Amino acid sequence: MRRQTLTAWALLLPAACLLVVFTHGPVLRTVLATFYTTPHGRLPAKFAGFDNYAHLIADPIFWQALRNNLLYAGLTIPASMGLALVMALLVNGRMRGRGFLRMAFFTPTVLPLIAVANIWIFFYQPGFGLIDQIRGLFGLGATNLLGQGDSALYAVAAVAVWKEAGFFMIFYLAALQAIPQSLIEAARLEGANALQIFRRVIWPLLTPTTLFVAVNAVVNAFRLVDHIYQMTGGGPNNATALLFYYLYQVGFQFWDTAYAATLTTVLVVVLGLVSVGQFLFLDRKVHYQ
Amino acid sequence: MIAQTDIGRQSGSGPASPGAGLRLSGLARAIAGRRILDGIDVTFEAGALSVILGPSGCGKSTLLRLIAGLDAPDGGTIHLGARDLAPLPPAARDIAMVFQSYALFPHLTMAENILFGLSLRRVARVDQARRLARVVEMLGLGGLEARKPAQLSGGQQQRVALARALISERPICLMDEPLSNLDAKLRAEMRSEIRALQQRLGLTMIYVTHDQVEAMTMADKIVLMNEGRIEQEGAPEAIYAAPASRFAARFIGMPPMNLIPGAALGLTGHDAGRLIGLRAEDGRIDPQGLAAPIVAHEFHGADLFVTIRLAETPVMLRLPARTGLPADGILRLGWDAGALHRFDPVTGRRLTEP
């Protein structure tokens, strides 16, 4: 019995070592770092209790980043998921040029977000960007969507939707193709129209996919900030500062590592709670095969 | 959406009487240039169980889908009584269907599955409950109302599919190989149960299968199909007694009818060049008969299936097991002259005497 336990531990040891060194260790160190000050040169880190958390609560930029991020998530998640579903339904049907459309919808997913950001910078370029050129055709004036506080967040949200919808489409498309044709036919025989077939047969059978995509969309809404870095740098006047981008600025531009660790911890806890909530809330509504 | 019409009632004003038979004429269907159905003319009588029988790929399921309206024919017409079904969508055809895969909605409970069509048509809740109770009782599904299809056995799923077809109270019920996913014992049970239900409710049932035992035991009429055409139609007894072609002779009956060159049976005249059919049970041991070596035999309890060889043609006979086999391994085969069937060796069609 004892021998067996020892053997088991010995077998687990290599994997455990890797996990401890690269995952659990850093997590622990990050959490510990939130209770210390940031070391500066010859000034070592000092125990600071909850000072970092107090600072966070008093930090107006943190609250703005949180507000920005919630709005950004509220815009990009439903829009990218809805668009993904519409595109999947479109390219799942029998139609000419289906292969080309599928490829076109999926292309943004393959591009790196940095490249996508550069494409969109061109679209948004005041005066001679794509959007202003089109506006010019209708005699409308130039815009500066990225440069203005009231439109910048929407402009970067559009980029994220464009980038993510194709990726989510793949999951919906796979799920649609797994629905047996005979179910649709049985519904048709019972007199269901296209909308009823969608609402009463297809949508319920897509719920596991929807849950999976939703969890991913939430995580991505807080995690993907490459385009912010490239397009606005969080500006103007922090209008596009998202939590993760602000964290990056604090950690790697201002080198306030202790405060960055605090932001990280809070972000992870918030995301974890959201995901757990999603599963608890949606799991009851999800039908698994 | 709100102005959804009640399809059942709408058609009820028309000739939805159970007295209407289903008539197909010149029905054709090609997929990607290949002819699947080639001019099908047949009438399915009201209140009868008609079985469309044929090997896989003969077009029988395609035919059923055309009747249901799930696919459109490339030619020909479908009439229910005097009504042309061609312009009608599937739901307006007064036709219910049981799919081979059952097509139960996996996210709905058994009761919701059965009531799917009624709730779409906004039938009053009281009526829904009454009709549900009736079919659940009829099919012995009581107590399973809240179960999802995954929690039901194959036989129960089959019954739910049947219940969903019956609750619509449509006069015509199509069945696409409904028993092919069940084990042998359950299949035999369901066979007689479906037949009893059909007769009790006076349904016009069109039943597709590749299993000739199902066809023989259940059908009022068999429509035998081969390569997109109707080979023969008629009562099981009639087809068995006088198969119209070599295909019908081999497909109907277990074991299949022996087809022997006339010369090998020692026949003379016209018959020498014909293909002669002899049912296994029509051969007997006769001291004056044709001598043939025994190749194999199988014991089946009451019967003994004996294979002999007549000039390179294996011939299977069904003899009473009590008679036993000749000790020398040579069987002397005799038959009644009236038991022979004659077929044209080239076209395979049945030839009338002599």
# chains A, B, ... in the order shown; residues from 1 in each chain; ligands from 1
>>> interface_residues(of="chain A", to="chain B", cutoff="7 Å", atoms="only C-alpha atoms", output="list of chain:residue names")
A:Ser182, A:Leu183, A:Ala186, A:Arg188, A:Leu189, A:Glu190, A:Gly191, A:Ala192, A:Pro204, A:Leu205, A:His287, A:Gln289
>>> write_last_selection(atoms="N, CA, C and O atoms", output="PDB file, in the first residue's frame")
ATOM      1  N   SER A 182     -32.372  14.436 -40.755  1.00  0.00           N
ATOM      2  CA  SER A 182     -33.712  13.883 -40.544  1.00  0.00           C
ATOM      3  C   SER A 182     -34.481  14.661 -39.474  1.00  0.00           C
ATOM      4  O   SER A 182     -35.706  14.702 -39.515  1.00  0.00           O
ATOM      5  N   LEU A 183     -33.770  15.280 -38.523  1.00  0.00           N
ATOM      6  CA  LEU A 183     -34.472  16.079 -37.505  1.00  0.00           C
ATOM      7  C   LEU A 183     -35.148  17.284 -38.152  1.00  0.00           C
ATOM      8  O   LEU A 183     -36.287  17.632 -37.817  1.00  0.00           O
ATOM      9  N   ALA A 186     -38.100  15.984 -40.092  1.00  0.00           N
ATOM     10  CA  ALA A 186     -39.214  15.632 -39.210  1.00  0.00           C
ATOM     11  C   ALA A 186     -39.958  16.896 -38.796  1.00  0.00           C
ATOM     12  O   ALA A 186     -41.192  16.922 -38.767  1.00  0.00           O
ATOM     13  N   ARG A 188     -40.090  19.699 -40.480  1.00  0.00           N
ATOM     14  CA  ARG A 188     -40.804  20.202 -41.661  1.00  0.00           C
ATOM     15  C   ARG A 188     -42.113  19.446 -41.865  1.00  0.00           C
ATOM     16  O   ARG A 188     -43.141  20.028 -42.197  1.00  0.00           O
ATOM     17  N   LEU A 189     -42.056  18.128 -41.678  1.00  0.00           N
ATOM     18  CA  LEU A 189     -43.268  17.321 -41.839  1.00  0.00           C
ATOM     19  C   LEU A 189     -44.346  17.739 -40.847  1.00  0.00           C
ATOM     20  O   LEU A 189     -45.532  17.640 -41.124  1.00  0.00           O
ATOM     21  N   GLU A 190     -43.897  18.207 -39.675  1.00  0.00           N
ATOM     22  CA  GLU A 190     -44.865  18.635 -38.667  1.00  0.00           C
ATOM     23  C   GLU A 190     -45.349  20.050 -38.925  1.00  0.00           C
ATOM     24  O   GLU A 190     -46.140  20.584 -38.158  1.00  0.00           O
ATOM     25  N   GLY A 191     -44.821  20.688 -39.959  1.00  0.00           N
ATOM     26  CA  GLY A 191     -45.329  21.997 -40.329  1.00  0.00           C
ATOM     27  C   GLY A 191     -44.522  23.164 -39.796  1.00  0.00           C
ATOM     28  O   GLY A 191     -45.009  24.288 -39.779  1.00  0.00           O
ATOM     29  N   ALA A 192     -43.297  22.909 -39.327  1.00  0.00           N
ATOM     30  CA  ALA A 192     -42.489  24.013 -38.812  1.00  0.00           C
ATOM     31  C   ALA A 192     -41.915  24.833 -39.967  1.00  0.00           C
ATOM     32  O   ALA A 192     -41.449  24.274 -40.950  1.00  0.00           O
ATOM     33  N   PRO A 204     -31.633  24.997 -29.769  1.00  0.00           N
ATOM     34  CA  PRO A 204     -31.393  24.180 -28.571  1.00  0.00           C
ATOM     35  C   PRO A 204     -30.231  23.197 -28.745  1.00  0.00           C
ATOM     36  O   PRO A 204     -29.496  22.945 -27.807  1.00  0.00           O
ATOM     37  N   LEU A 205     -30.079  22.676 -29.956  1.00  0.00           N
ATOM     38  CA  LEU A 205     -29.005  21.705 -30.163  1.00  0.00           C
ATOM     39  C   LEU A 205     -27.644  22.391 -30.256  1.00  0.00           C
ATOM     40  O   LEU A 205     -26.613  21.736 -30.181  1.00  0.00           O
ATOM     41  N   HIS A 287     -28.242  21.628 -23.512  1.00  0.00           N
ATOM     42  CA  HIS A 287     -28.505  20.219 -23.755  1.00  0.00           C
ATOM     43  C   HIS A 287     -27.247  19.548 -24.293  1.00  0.00           C
ATOM     44  O   HIS A 287     -26.724  19.955 -25.313  1.00  0.00           O
ATOM     45  N   GLN A 289     -25.507  16.133 -25.804  1.00  0.00           N
ATOM     46  CA  GLN A 289     -25.965  14.921 -26.509  1.00  0.00           C
ATOM     47  C   GLN A 289     -25.789  13.689 -25.621  1.00  0.00           C
ATOM     48  O   GLN A 289     -24.790  13.544 -24.998  1.00  0.00           O
TER      49      GLN A 289
END
>>> residues_around(residues="region 190-196 of chain B", least_positions_apart="5", cutoff="9 Å", atoms="only C-alpha atoms", output="tab-separated table (two decimals) with C-alpha atoms, in the first residue's frame")
chain	number	residue	atom	x	y	z
B	49	LEU	CA	-50.74	-1.76	-45.39
B	139	LEU	CA	-48.08	2.11	-27.34
B	155	GLY	CA	-37.51	-0.27	-28.77
B	159	ARG	CA	-42.47	3.50	-30.13
B	162	LEU	CA	-44.53	5.79	-33.94
B	179	LEU	CA	-37.46	-1.79	-37.54
B	185	LYS	CA	-36.81	-10.56	-31.17
B	201	LEU	CA	-56.94	2.51	-36.67
B	214	GLU	CA	-41.41	-8.21	-42.87
B	217	THR	CA	-45.89	-11.16	-42.71
B	218	MET	CA	-47.30	-7.62	-42.62
B	219	ALA	CA	-48.43	-6.58	-46.06
>>> closest_residue(among="A:Thr37, A:Ala15, A:Gly277, A:Gln64", to="Asp51 (chain A)", atoms="only C-alpha atoms")
A:Thr37
>>> select_by_dssp(residues="region 176-240 of chain A", states="alpha helix (DSSP H)", output="PyMOL selection string")
chain A and resi 176-177+181-189+194-197+203-223+226-231
>>> residues_around(residues="region 233-242 of chain A", least_positions_apart="3", cutoff="6 Å", atoms="only C-alpha atoms", output="list in words")
Ala65, Asn69, Gly149, Leu153, Ile228, Tyr229, Tyr245 and Tyr246 of chain A
